[in-house]
Every structure is written in C-alpha cells, then in structure tokens.
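All remarks here apply to the structure that follows.
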Amino acid sequence: MSSPSPRVAILGGGPCGLYAARVLSRAGLSVTLLDKGTRPGGLATSHERAGNWYDMGCHMLHEFDQEIYEDIMGLMGAESIPVQLDAKIRWAGAFYRYPLQFQDMIRGIPPATLAFYTMGLFYAQIRQYLVPWTPVNAEEALIQLYGSPLYEFFFRDFTHRYWGIHPRELSATFITTKMPRLSAVDVLKKALGKFGIKDKSVRAVDSALLEETLHYSRTGAEAMPRAISGAITQAGGSVIQEAEVTRILTRDGRVHAVEYLKDGTTHQLECDECISTIPIPWLASRTEPPPPLSVQEAAGSLRFKPISIYGLLVKKERCIDALYIYYRDRAFHRVGEPKNAGLTVEPADHTVLIVETTCEIGDEKWRGTDAAKAQIFTDLEQENICRREDIVETHLLRGETGYPIFALGFEPHLKALQDWVDQIPNLQSTGRQGGFKYPNMHSAMRMGATAAQRILKRHGIKA
Ligand SMILES: Cc1cc2nc3c(=O)[nH]c(=O)nc-3n(C[C@H](O)[C@H](O)[C@H](O)COP(=O)(O)OP(=O)(O)OC[C@H]3O[C@@H](n4cnc5c(N)ncnc54)[C@H](O)[C@@H]3O)c2cc1C
C-alpha cells in the first residue's frame with residue numbers, strides 16, 4: 001500500500017514536468033524533479049550568452065488556459081510583459097499579417113492563380129463530399145483538404161524541407177495535429193465558408209485567426225520556468241538541474257526508484273509515483289527490467305526532428321517589423337526578434353535575432369559550421385533583415401528532440417509504448433516528448449496538471 005503522502009519523482013523540467021511539480025508541491029506532496037538541462041524550462045527557456053538572453057526558439061505564453069494563465073501571472077508578477085501578437089508570414093514575395101487578413105491575401109495572389117487554387121479546393125471538397133475517402137499519408141490528406149494545386153504550391157516543398165521527409169512518408173495524422181501555420185489557405189477556406197463550403201475537419205484554423213495577447217519577459221522565455229521552479233522549492237519540493245535520468249527501476253510491475261547522474265555520480269531516488277516527461281522511447285530504453293522486445297522495437301521506430309537555433313547579436317536597433325516572421329523557402333523557417341516583445345539587449349542599440357532551423361544530428365546546421373552560418377547569413381541579407389557585417393555574435397542552441405516525427409505508420413508504435421506504460425500503475429508518460437504530441441506551453445502545463453491530479457485522486461488528497 002502507498003504511503004499517505006506519496007513521494008513523487010518527476011522526470012524532465014520543461015513546462016509539463018514543472019507544472020506537475022507545481023500542483024503536487026502546492027498540495028503538500030514530497031516532489032523531486034530531475035532535469036538534465038542547466039536551467040528549468042526544457043525547450044521553453046532561454047540561455048545567457050555573453051550578457052544577453054537567447055530563447056530556444058522564441059517562446060511566448062498564450063492565455064488560452066485561464067486557470068494556468070492566472071497562476072503563472074501570480075508567480076511571475078511584474079516580470080511578465082503582455083505583448084500583442086504581431087507575427088507575419090513571408091510568402092510569394094510579400095509579407096502577410098498573422099493572423100492573415102483576406103484582403104491582404106487577395107492583394108498578394110494574382111486573380112488567375114487564386115481562381116486556379118480555388119477550383120482545386122472546390123474539386124477536393126466536392127470529391128470528398130461525393131466519394132469520401134481516407135488518406136493514407138500526409139500528401140493525400142493535404143490534397144483532400146486543399147486540392148492538388150494548393151498542395152503543390154504551398155505545402156509539398158515546404159513540408160519536405162522542414163521535416164526532411166516527403167509528405168508521402170508522413171502520417172495523415174500529422175495534418176490534423178501539426179499543420180504548418182500557413183493561414184493563407186485557412187483564410188481562403190474561411191472566405192469560401194461564406195459561400196457555404198465549410199471544412200469541419202480542421203480545428204487549428206480558427207485559433208490561428210484570433211487576436212491574442214502573449215506573455216514574455218525582459219530576460220526572454222526563461223522567467224516563467226524560473227518562477228515555477230522557485231514556487232516548487234518554496235513549497236518544499238526539490239528541483240535538481242543537470243541531473244540526467246539514466247535508469248527507471250521497476251519491481252513487481254511498479255516503479256520503485258529512479259537513478260540519475262549528477263556531477264559524475266550516480267544517485268538513486270526512491271519513489272511511490274513517477275511522472276515522466278522525457279521522450280517516451282528513452283523512457284522505454286532506460287526502464288529495468290526492460291520492456292518486452294516488441295515495445296523496445298516500437299521505441300526504436302519513433303523519431304524526433306532536432307532543432308538548431310541560431311541566436312544572433314546584431315548591431316542594429318531593429319531588424320524586423322514584427323515579433324516573428326515565418327519563412328517558407330529559406331535556410332530557416334522562423335526569425336524572431338524578442339527585443340520587440342520587451343527583451344533587454346546590451347548594448348541598447350543592438351538587437352537579438354532568434355533564427356530557428358530544423359536539422360539532423362551531426363549535419364552542418366547542427367554543428368554550426370561556417371557553411372551553415374554562411375547560408376543563414378545570406379538568406380538574412382536577401383530578406384533585408386540584417387547585413388552579414390552587422391552580426392557581431394552567433395550563439396548556437398540545440399535540441400535533440402525538437403519535434404516528434406509523425407512518420408508514416410508511427411501510430412501502432414506509439415500505441416505499443418503507451419499500452420506498456422499504462423500497465424505500470426504508478427507511471428505516467430506525458431508532455432511533448434513523453435506524449436509524442438505538439439502541445440503549446442500552456443497545453444503542456446495542462447498535461448502536467450492532469451497527471452498530477454491523477455496522483456492526488458489516487459491517494460485521496462485534495463488539491
Ligand atoms: C522552436 C520552438 C518554438 C516554440 N514556441 C512556442 C511558443 O512561442 N509558445 C508556446 O506556447 N509553445 C511553443 N513551443 C512549444 C513548447 O516548446 C512546448 O510546448 C513545451 O516546451 C513542452 O514542454 P514539455 O515539458 O512537455 O517538454 P520539454 O520542454 O521538451 O521538456 C522536456 C524536459 O525533459 C528533460 N529531459 C530529457 N531527457 C532527460 C533525462 N534523461 N533526464 C532528465 N531530464 C531529461 C529535458 O532536459 C527537458 O527539460 C515551441 C517549440 C519549439 C520547438
């Protein structure tokens with residue numbers, strides 16, 4: 001039988017693990033969070049380099065989850081800076097406001113082209129209405145939603161470059177859960193909705209069209225996880241950074257301890273409950289005794305797309321006229337200028353750019369070779385963002401598990417892993433990496449809160 005106040009081990013200190021620890025420590029449980037990073041926040045943090053802060057990809061908090069939002073605002077206090085969403089999309093030689101306005105889009109697209117795309121869209125919609133069919137891959141799913149002309153113009157090459165995988169080799173599930181946020185198509189669809197052509201299958205669309213306030217800080221994304229980590233410690237919990245979980249030890253079908261490496265020494269942490277937010281394939285490969293062979297094979301089949309983020313200090317007051325801009329055909333897919341959201345930059349007449357790229361471990365972008373930098377700097381110049389000679393510092397931040405890859409046929413592998421986790425009664429695997437999903441920060445925190453509440457309920461403890 002579990003002790004009245006269970007000891008909880010939380011693996012991973014991104015928004016999900018941190019918020020799970022926040023809920024449990026507030027309820028008075030004994031919580032230890034282990035995170036291999038140097039600072040709390042996982043992907044959603046920033047790192048200090050030569051006196052300036054650089055985000056692991058621009059991270060701003062949305063307000064959608066009111067309960068979490070209010071809690072976070074209470075923790076951050078005056079450190080939080082509200083900022084109006086001001087993003088753009090660079091597409092077909094023009095900038096589009098994000099959220100995209102229909103009149104902007106019509107201005108950008110020649111009428112004949114627009115008519116061609118619209119006909120393709122109509123055809124796809126009518127075909128689906130008359131003869132419903134199930135797409136087998138992302139290419140078919142995109143054609144089903146948008147028609148062939150729009151797929152070929154808008155999605156095919158961009159998707160291929162972003163993921164390094166042709167849409168034919170990506171799962172159709174990918175389309176319903178992680179669409180590149182290229183809202184021109186969505187706006188076109190919205191306009192068509194006025195004529196009675198409605199698409200019920202894509203839910204991401206409307207949220208992308210809302211006016212939004214985001215939250216940031218003078219030191220970038222890091223202020224929020226730092227505030228949550230402080231609150232956990234204040235409530236008696238323990239947050240251990242630079243602690244890499246190496247083994248999850250099970251006995252009689254339950255997790256009884258977690259081993260981690262800190263400062264070259266292996267430590268063991270006894271626990272009654274375990275919430276894991278580390279990548280689910282890593283959880284399987286580090287559990288002892290090991291899971292069945294079929295689960296190990298499933299773990300070996302799930303992959304992540306690594307990210308290389310180039311943080312640049314630029315000798316220029318301001319580079320872009322937005323918080324961030326999405327690009328479809330450059331060496332980067334997004335460039336953010338966090339100073340425009342309130343980041344303090346030293347010297348004050350300089351700015352910081354966060355240049356986001358996807359890559360493969362060991363390739364040029366991952367290693368930050370001169371060739372990779374040259375390509376990025378050339379593209380920045382061609383986009384009139386900054387001149388090469390104005391870039392005074394380059395800092396490379398990397399993430400091995402930036403994006404879960406929904407490769408064709410990934411679903412049964414994920415299910416095999418989830419089924420294996422489900423039969424260990426005191427283990428939960430959640431969050432972006434642990435759930436193999438695409439939550440925003442607040443959704444990841446909600447996933448953490450849900451896992452925490454499950455434990456409280458199981459032990460009859462009031463939140
Ligand atoms: C480029 C980019 C930009 C984004 N921008 C935004 C944005 O503006 N707004 C927004 O809401 N969301 C944004 N997101 C999404 C956001 O990053 C995620 O929703 C969030 O980080 C998920 O939190 P998590 O805790 O589930 O996972 P993570 O943040 O990935 O945390 C997982 C943690 O596990 C730790 N870990 C892994 N293995 C081990 C181990 N063996 N031992 C110990 N610790 C381990 C890692 O160190 C990490 O801290 C962005 C994502 C990316 C990639």
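Ligands are numbered from 1 in the order shown, chains are lettered A, B, ... in the order of the structure tokens, and residues start at 1 in each chain.
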Ligand 1 neighbours within 6 Å using only C-alpha atoms and all ligand atoms, as number ranges by chain: A: 11-17, 34-37, 41-44, 57-62, 243-246, 277-278, 402, 431-433, 439-442, 444
Could you pull out all residues of stretch 309-429 of chain A with a DSSP call of helix (DSSP H, G or I) and give them as a VMD selection string? chain A and resid 338 to 341 364 to 367 370 to 382 388 to 390 410 to 422
How would the residues just chosen look if you wrote them out with N, CA and C atoms as a compact mmCIF listing (two decimals), in the first residue's frame?
```
# COMPACT_ATOMS: atom_id res chain seq x y z
N PRO A 338 13.09 39.12 -30.24
CA PRO A 338 12.45 39.23 -28.93
C PRO A 338 12.55 40.62 -28.30
N LYS A 339 13.45 41.44 -28.79
CA LYS A 339 13.51 42.82 -28.28
C LYS A 339 12.16 43.52 -28.54
N ASN A 340 11.51 43.15 -29.64
CA ASN A 340 10.22 43.76 -29.97
C ASN A 340 9.12 43.32 -29.00
N ALA A 341 9.43 42.31 -28.17
CA ALA A 341 8.48 41.88 -27.14
C ALA A 341 8.96 42.31 -25.75
N GLU A 364 25.44 19.98 -40.99
CA GLU A 364 26.11 21.29 -40.96
C GLU A 364 25.41 22.25 -40.00
N LYS A 365 24.07 22.27 -40.05
CA LYS A 365 23.33 23.20 -39.18
C LYS A 365 23.47 22.81 -37.71
N TRP A 366 23.49 21.52 -37.45
CA TRP A 366 23.64 21.05 -36.07
C TRP A 366 25.01 21.45 -35.52
N ARG A 367 26.03 21.27 -36.38
CA ARG A 367 27.39 21.59 -35.93
C ARG A 367 27.67 23.09 -35.97
N ASP A 370 30.80 26.85 -40.70
CA ASP A 370 30.86 28.12 -41.42
C ASP A 370 29.90 28.11 -42.60
N ALA A 371 29.79 26.92 -43.26
CA ALA A 371 28.90 26.83 -44.42
C ALA A 371 27.45 27.05 -44.00
N ALA A 372 27.06 26.45 -42.87
CA ALA A 372 25.67 26.62 -42.40
C ALA A 372 25.41 28.08 -42.05
N LYS A 373 26.36 28.69 -41.35
CA LYS A 373 26.18 30.10 -40.98
C LYS A 373 26.12 30.98 -42.22
N ALA A 374 27.00 30.68 -43.20
CA ALA A 374 27.03 31.49 -44.42
C ALA A 374 25.67 31.46 -45.12
N GLN A 375 25.06 30.26 -45.17
CA GLN A 375 23.74 30.14 -45.82
C GLN A 375 22.69 30.96 -45.07
N ILE A 376 22.73 30.88 -43.75
CA ILE A 376 21.76 31.63 -42.94
C ILE A 376 21.99 33.13 -43.11
N PHE A 377 23.23 33.55 -43.05
CA PHE A 377 23.53 35.00 -43.15
C PHE A 377 23.13 35.52 -44.54
N THR A 378 23.38 34.71 -45.58
CA THR A 378 22.99 35.12 -46.94
C THR A 378 21.48 35.31 -47.02
N ASP A 379 20.75 34.34 -46.46
CA ASP A 379 19.29 34.43 -46.50
C ASP A 379 18.78 35.63 -45.69
N LEU A 380 19.44 35.91 -44.57
CA LEU A 380 19.04 37.08 -43.77
C LEU A 380 19.26 38.36 -44.58
N GLU A 381 20.37 38.39 -45.29
CA GLU A 381 20.68 39.56 -46.12
C GLU A 381 19.66 39.70 -47.24
N GLN A 382 19.37 38.56 -47.89
CA GLN A 382 18.43 38.62 -49.02
C GLN A 382 17.03 39.02 -48.58
N ARG A 388 25.44 40.94 -43.12
CA ARG A 388 26.40 40.00 -42.53
C ARG A 388 27.35 40.70 -41.57
N GLU A 389 27.85 41.86 -41.97
CA GLU A 389 28.85 42.54 -41.14
C GLU A 389 28.27 43.12 -39.85
N ASP A 390 26.92 43.18 -39.76
CA ASP A 390 26.29 43.68 -38.53
C ASP A 390 26.10 42.58 -37.49
N PHE A 410 3.52 5.49 -37.74
CA PHE A 410 4.05 5.63 -36.37
C PHE A 410 3.01 5.25 -35.31
N GLU A 411 1.73 5.33 -35.67
CA GLU A 411 0.67 5.19 -34.66
C GLU A 411 0.73 3.89 -33.87
N PRO A 412 0.86 2.70 -34.53
CA PRO A 412 0.90 1.46 -33.72
C PRO A 412 2.12 1.40 -32.80
N HIS A 413 3.25 2.00 -33.23
CA HIS A 413 4.44 2.01 -32.37
C HIS A 413 4.17 2.83 -31.11
N LEU A 414 3.56 3.99 -31.31
CA LEU A 414 3.25 4.84 -30.16
C LEU A 414 2.26 4.14 -29.23
N LYS A 415 1.29 3.49 -29.84
CA LYS A 415 0.27 2.80 -29.03
C LYS A 415 0.92 1.68 -28.21
N ALA A 416 1.86 0.95 -28.82
CA ALA A 416 2.53 -0.14 -28.10
C ALA A 416 3.26 0.42 -26.87
N LEU A 417 3.88 1.58 -27.04
CA LEU A 417 4.58 2.20 -25.90
C LEU A 417 3.60 2.68 -24.84
N GLN A 418 2.52 3.31 -25.30
CA GLN A 418 1.53 3.82 -24.34
C GLN A 418 0.87 2.68 -23.57
N ASP A 419 0.58 1.58 -24.28
CA ASP A 419 -0.04 0.42 -23.61
C ASP A 419 0.91 -0.14 -22.55
N TRP A 420 2.20 -0.16 -22.88
CA TRP A 420 3.19 -0.67 -21.91
C TRP A 420 3.24 0.25 -20.67
N VAL A 421 3.25 1.56 -20.90
CA VAL A 421 3.26 2.50 -19.76
C VAL A 421 1.99 2.30 -18.92
N ASP A 422 0.85 2.15 -19.61
CA ASP A 422 -0.43 2.05 -18.90
C ASP A 422 -0.50 0.86 -17.95
```
Long-range neighbours of A:Arg398 as a count of residues only, 7 Å cut-off, only C-alpha atoms, 5 positions minimum in chain: 3
Can you work out which one of A:Pro425, A:Pro132, A:Pro225, A:Gly342 has the shortest atom-to-atom distance to A:Pro82, counting only C-alpha atoms?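 Answer, going by the shortest atom-to-atom distance: A:Gly342.
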Within 12 Å of stretch 450-462 of chain A, counting only C-alpha atoms, which residues show up once you throw out same-chain ones fewer than 6 positions away? Write them as a PDB file with C-alpha atoms, in the first residue's frame, please.
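Ended up saving to around.pdb:
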```
ATOM      1  CA  MET A   1       0.000   0.000   0.000  1.00  0.00           C
ATOM      2  CA  SER A   2       1.239   3.505  -0.834  1.00  0.00           C
ATOM      3  CA  SER A   3       2.215   5.865   1.983  1.00  0.00           C
ATOM      4  CA  PRO A   4      -0.435   8.516   2.819  1.00  0.00           C
ATOM      5  CA  SER A   5       1.778  11.189   1.274  1.00  0.00           C
ATOM      6  CA  PRO A   6       3.411   9.577  -1.746  1.00  0.00           C
ATOM      7  CA  ARG A   7       6.902  10.505  -2.846  1.00  0.00           C
ATOM      8  CA  VAL A   8       6.725  11.636  -6.452  1.00  0.00           C
ATOM      9  CA  ALA A   9       9.602  11.594  -8.945  1.00  0.00           C
ATOM     10  CA  ILE A  10       9.147  13.853 -11.956  1.00  0.00           C
ATOM     11  CA  CYS A  16       4.898  19.919 -18.316  1.00  0.00           C
ATOM     12  CA  GLY A  17       7.120  18.466 -15.578  1.00  0.00           C
ATOM     13  CA  LEU A  18       7.428  21.816 -13.815  1.00  0.00           C
ATOM     14  CA  TYR A  19       3.705  22.370 -13.696  1.00  0.00           C
ATOM     15  CA  ALA A  20       3.052  18.817 -12.470  1.00  0.00           C
ATOM     16  CA  ALA A  21       5.554  19.537  -9.678  1.00  0.00           C
ATOM     17  CA  ARG A  22       3.872  22.878  -9.011  1.00  0.00           C
ATOM     18  CA  VAL A  23       0.436  21.242  -8.490  1.00  0.00           C
ATOM     19  CA  LEU A  24       1.802  18.411  -6.335  1.00  0.00           C
ATOM     20  CA  SER A  25       4.110  20.526  -4.159  1.00  0.00           C
ATOM     21  CA  ARG A  26       1.275  23.022  -3.584  1.00  0.00           C
ATOM     22  CA  ALA A  27      -0.819  20.105  -2.330  1.00  0.00           C
ATOM     23  CA  GLY A  28       1.950  19.251   0.148  1.00  0.00           C
ATOM     24  CA  LEU A  29       3.383  16.131  -1.507  1.00  0.00           C
ATOM     25  CA  SER A  30       7.049  15.259  -1.441  1.00  0.00           C
ATOM     26  CA  VAL A  31       8.162  16.025  -5.000  1.00  0.00           C
ATOM     27  CA  ILE A  68      -2.908  28.167 -15.589  1.00  0.00           C
ATOM     28  CA  ASP A 272       5.885   5.857  -4.985  1.00  0.00           C
ATOM     29  CA  GLU A 273       4.734   7.667  -8.121  1.00  0.00           C
ATOM     30  CA  CYS A 274       6.565   8.710 -11.259  1.00  0.00           C
ATOM     31  CA  ILE A 275       5.608  11.242 -13.933  1.00  0.00           C
ATOM     32  CA  SER A 276       7.902  11.070 -16.951  1.00  0.00           C
ATOM     33  CA  THR A 277       8.084  13.902 -19.473  1.00  0.00           C
ATOM     34  CA  PRO A 425       0.178   1.583 -12.363  1.00  0.00           C
ATOM     35  CA  ASN A 426       2.370   4.273 -10.798  1.00  0.00           C
ATOM     36  CA  LEU A 427       3.982   5.543 -14.028  1.00  0.00           C
ATOM     37  CA  GLN A 428       2.656   8.229 -16.393  1.00  0.00           C
ATOM     38  CA  SER A 429       4.341   9.455 -19.575  1.00  0.00           C
ATOM     39  CA  THR A 430       3.153  12.864 -20.711  1.00  0.00           C
ATOM     40  CA  GLY A 431       4.065  16.262 -22.203  1.00  0.00           C
ATOM     41  CA  GLY A 434       6.502  11.841 -23.197  1.00  0.00           C
ATOM     42  CA  GLY A 435       3.172  12.047 -25.033  1.00  0.00           C
ATOM     43  CA  SER A 443      -1.227  22.809 -23.055  1.00  0.00           C
ATOM     44  CA  ALA A 444       1.965  21.077 -21.859  1.00  0.00           C
TER      45      ALA A 444
END
```
So that I can check the surroundings of stretch 146-149 of chain A, please list as JSON, numbers by chain every protein, DNA and RNA residue that reaches within 7 Å of it, counting only C-alpha atoms and ignoring chain neighbours fewer than 6 positions away. {"A": [117, 120, 121, 123, 124]}
File dump, residues just selected, C-alpha atoms, as a short mmCIF file (atom, residue, chain, number, x, y, z; two decimals), in the first residue's frame:
```
data_model
loop_
_atom_site.label_atom_id
_atom_site.label_comp_id
_atom_site.auth_asym_id
_atom_site.auth_seq_id
_atom_site.Cartn_x
_atom_site.Cartn_y
_atom_site.Cartn_z
CA TYR A 117 -6.29 27.28 -56.45
CA GLY A 120 -8.67 22.83 -56.95
CA LEU A 121 -10.05 23.41 -53.49
CA TYR A 123 -12.83 19.97 -56.61
CA ALA A 124 -11.25 18.42 -53.50
#
```
Can you work out which one of A:Arg330, A:Arg286, A:Glu400, A:Thr32 has the shortest atom-to-atom distance to A:Cys271, counting only C-alpha atoms?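 Answer, going by the shortest atom-to-atom distance: A:Thr32.
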Can you measure atom CA of A:Tyr162 to atom CA of A:Thr358 for me? One decimal in Å is fine.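 Going from atom CA of A:Tyr162 over to atom CA of A:Thr358 covers 6.4 Å.
Straight-line separation from atom CA of A:Ile165 to atom CA of A:Gly300: 17.8 Å.
Across A:Tyr327, A:Tyr310, A:Phe95, A:Phe406, the tightest approach to A:Phe154 is made by A:Tyr327 when counting only C-alpha atoms.
For the choices A:Thr344, A:Thr38, A:Gln268, A:Thr357, the atom-to-atom distance to A:Phe332 is smallest for A:Thr357 when using only C-alpha atoms.
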Name the residues in contact with A:Glu140 at a cut-off of 10 Å, using only C-alpha atoms, excluding same-chain residues fewer than 4 positions from it; report them as a list of chain:residue names.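 Returned residues: A:Trp133, A:Thr134, A:Pro135, A:Val136, A:Gln144, A:Leu145, A:Tyr146, A:Gly147, A:Ser148, A:Tyr151, A:Pro167, A:Arg168, A:Ser171, A:Ala172, A:Ile175.
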I need the chosen residues saved as an mmCIF file, in the first residue's frame, with C-alpha atoms.
```cif
data_model
loop_
_atom_site.group_PDB
_atom_site.id
_atom_site.type_symbol
_atom_site.label_atom_id
_atom_site.label_comp_id
_atom_site.auth_asym_id
_atom_site.auth_seq_id
_atom_site.Cartn_x
_atom_site.Cartn_y
_atom_site.Cartn_z
ATOM 1 C CA TRP A 133 -12.020 8.519 -48.885
ATOM 2 C CA THR A 134 -9.410 8.004 -46.192
ATOM 3 C CA PRO A 135 -5.971 9.452 -46.913
ATOM 4 C CA VAL A 136 -3.084 7.068 -46.274
ATOM 5 C CA GLN A 144 -8.010 16.039 -49.639
ATOM 6 C CA LEU A 145 -8.176 19.251 -47.619
ATOM 7 C CA TYR A 146 -6.845 21.783 -50.089
ATOM 8 C CA GLY A 147 -6.767 20.237 -53.562
ATOM 9 C CA SER A 148 -3.723 19.410 -55.678
ATOM 10 C CA TYR A 151 -0.817 21.337 -52.104
ATOM 11 C CA PRO A 167 4.751 14.275 -47.343
ATOM 12 C CA ARG A 168 4.095 10.813 -48.823
ATOM 13 C CA SER A 171 1.340 10.144 -41.486
ATOM 14 C CA ALA A 172 -2.048 11.700 -42.302
ATOM 15 C CA ILE A 175 -2.007 17.037 -40.838
#
```
Spatial neighbours of A:Glu48, 10 Å, only C-alpha atoms, chain gap at least 3 places, as a VMD selection string: chain A and resid 51 to 55 219 to 220 222 395
Can you spit out the residues from that selection as a CSV table (one decimal), in the first residue's frame, using C-alpha atoms?
```csv
chain,number,residue,atom,x,y,z
A,51,GLY,CA,25.4,39.1,-21.2
A,52,ASN,CA,22.3,38.6,-23.4
A,53,TRP,CA,19.5,36.1,-23.3
A,54,TYR,CA,18.7,33.8,-26.2
A,55,ASP,CA,15.5,31.7,-26.4
A,219,THR,CA,15.1,38.0,-19.9
A,220,GLY,CA,13.1,36.1,-22.5
A,222,GLU,CA,13.4,31.8,-19.0
A,395,HIS,CA,25.3,31.5,-30.4
```
Would you mind telling me which residue in A:Glu360, A:Glu270, A:Asp321, A:Glu259 lies nearest to A:Arg303 when using only C-alpha atoms? A:Glu360
Run DSSP on the backbone and give me the residues of stretch 233-401 of chain A it puts in strand (DSSP E or B), as a PyMOL selection string. chain A and resi 238-240+244-251+254-262+265-270+273-276+287-288+304-314+324-327+334-336+351-358+391-401
Using only C-alpha atoms, which of A:Ile228, A:Thr369, A:Glu152, A:Leu353 sits nearest A:Met445?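 Among A:Ile228, A:Thr369, A:Glu152, A:Leu353, it is A:Ile228 that comes nearest to A:Met445.
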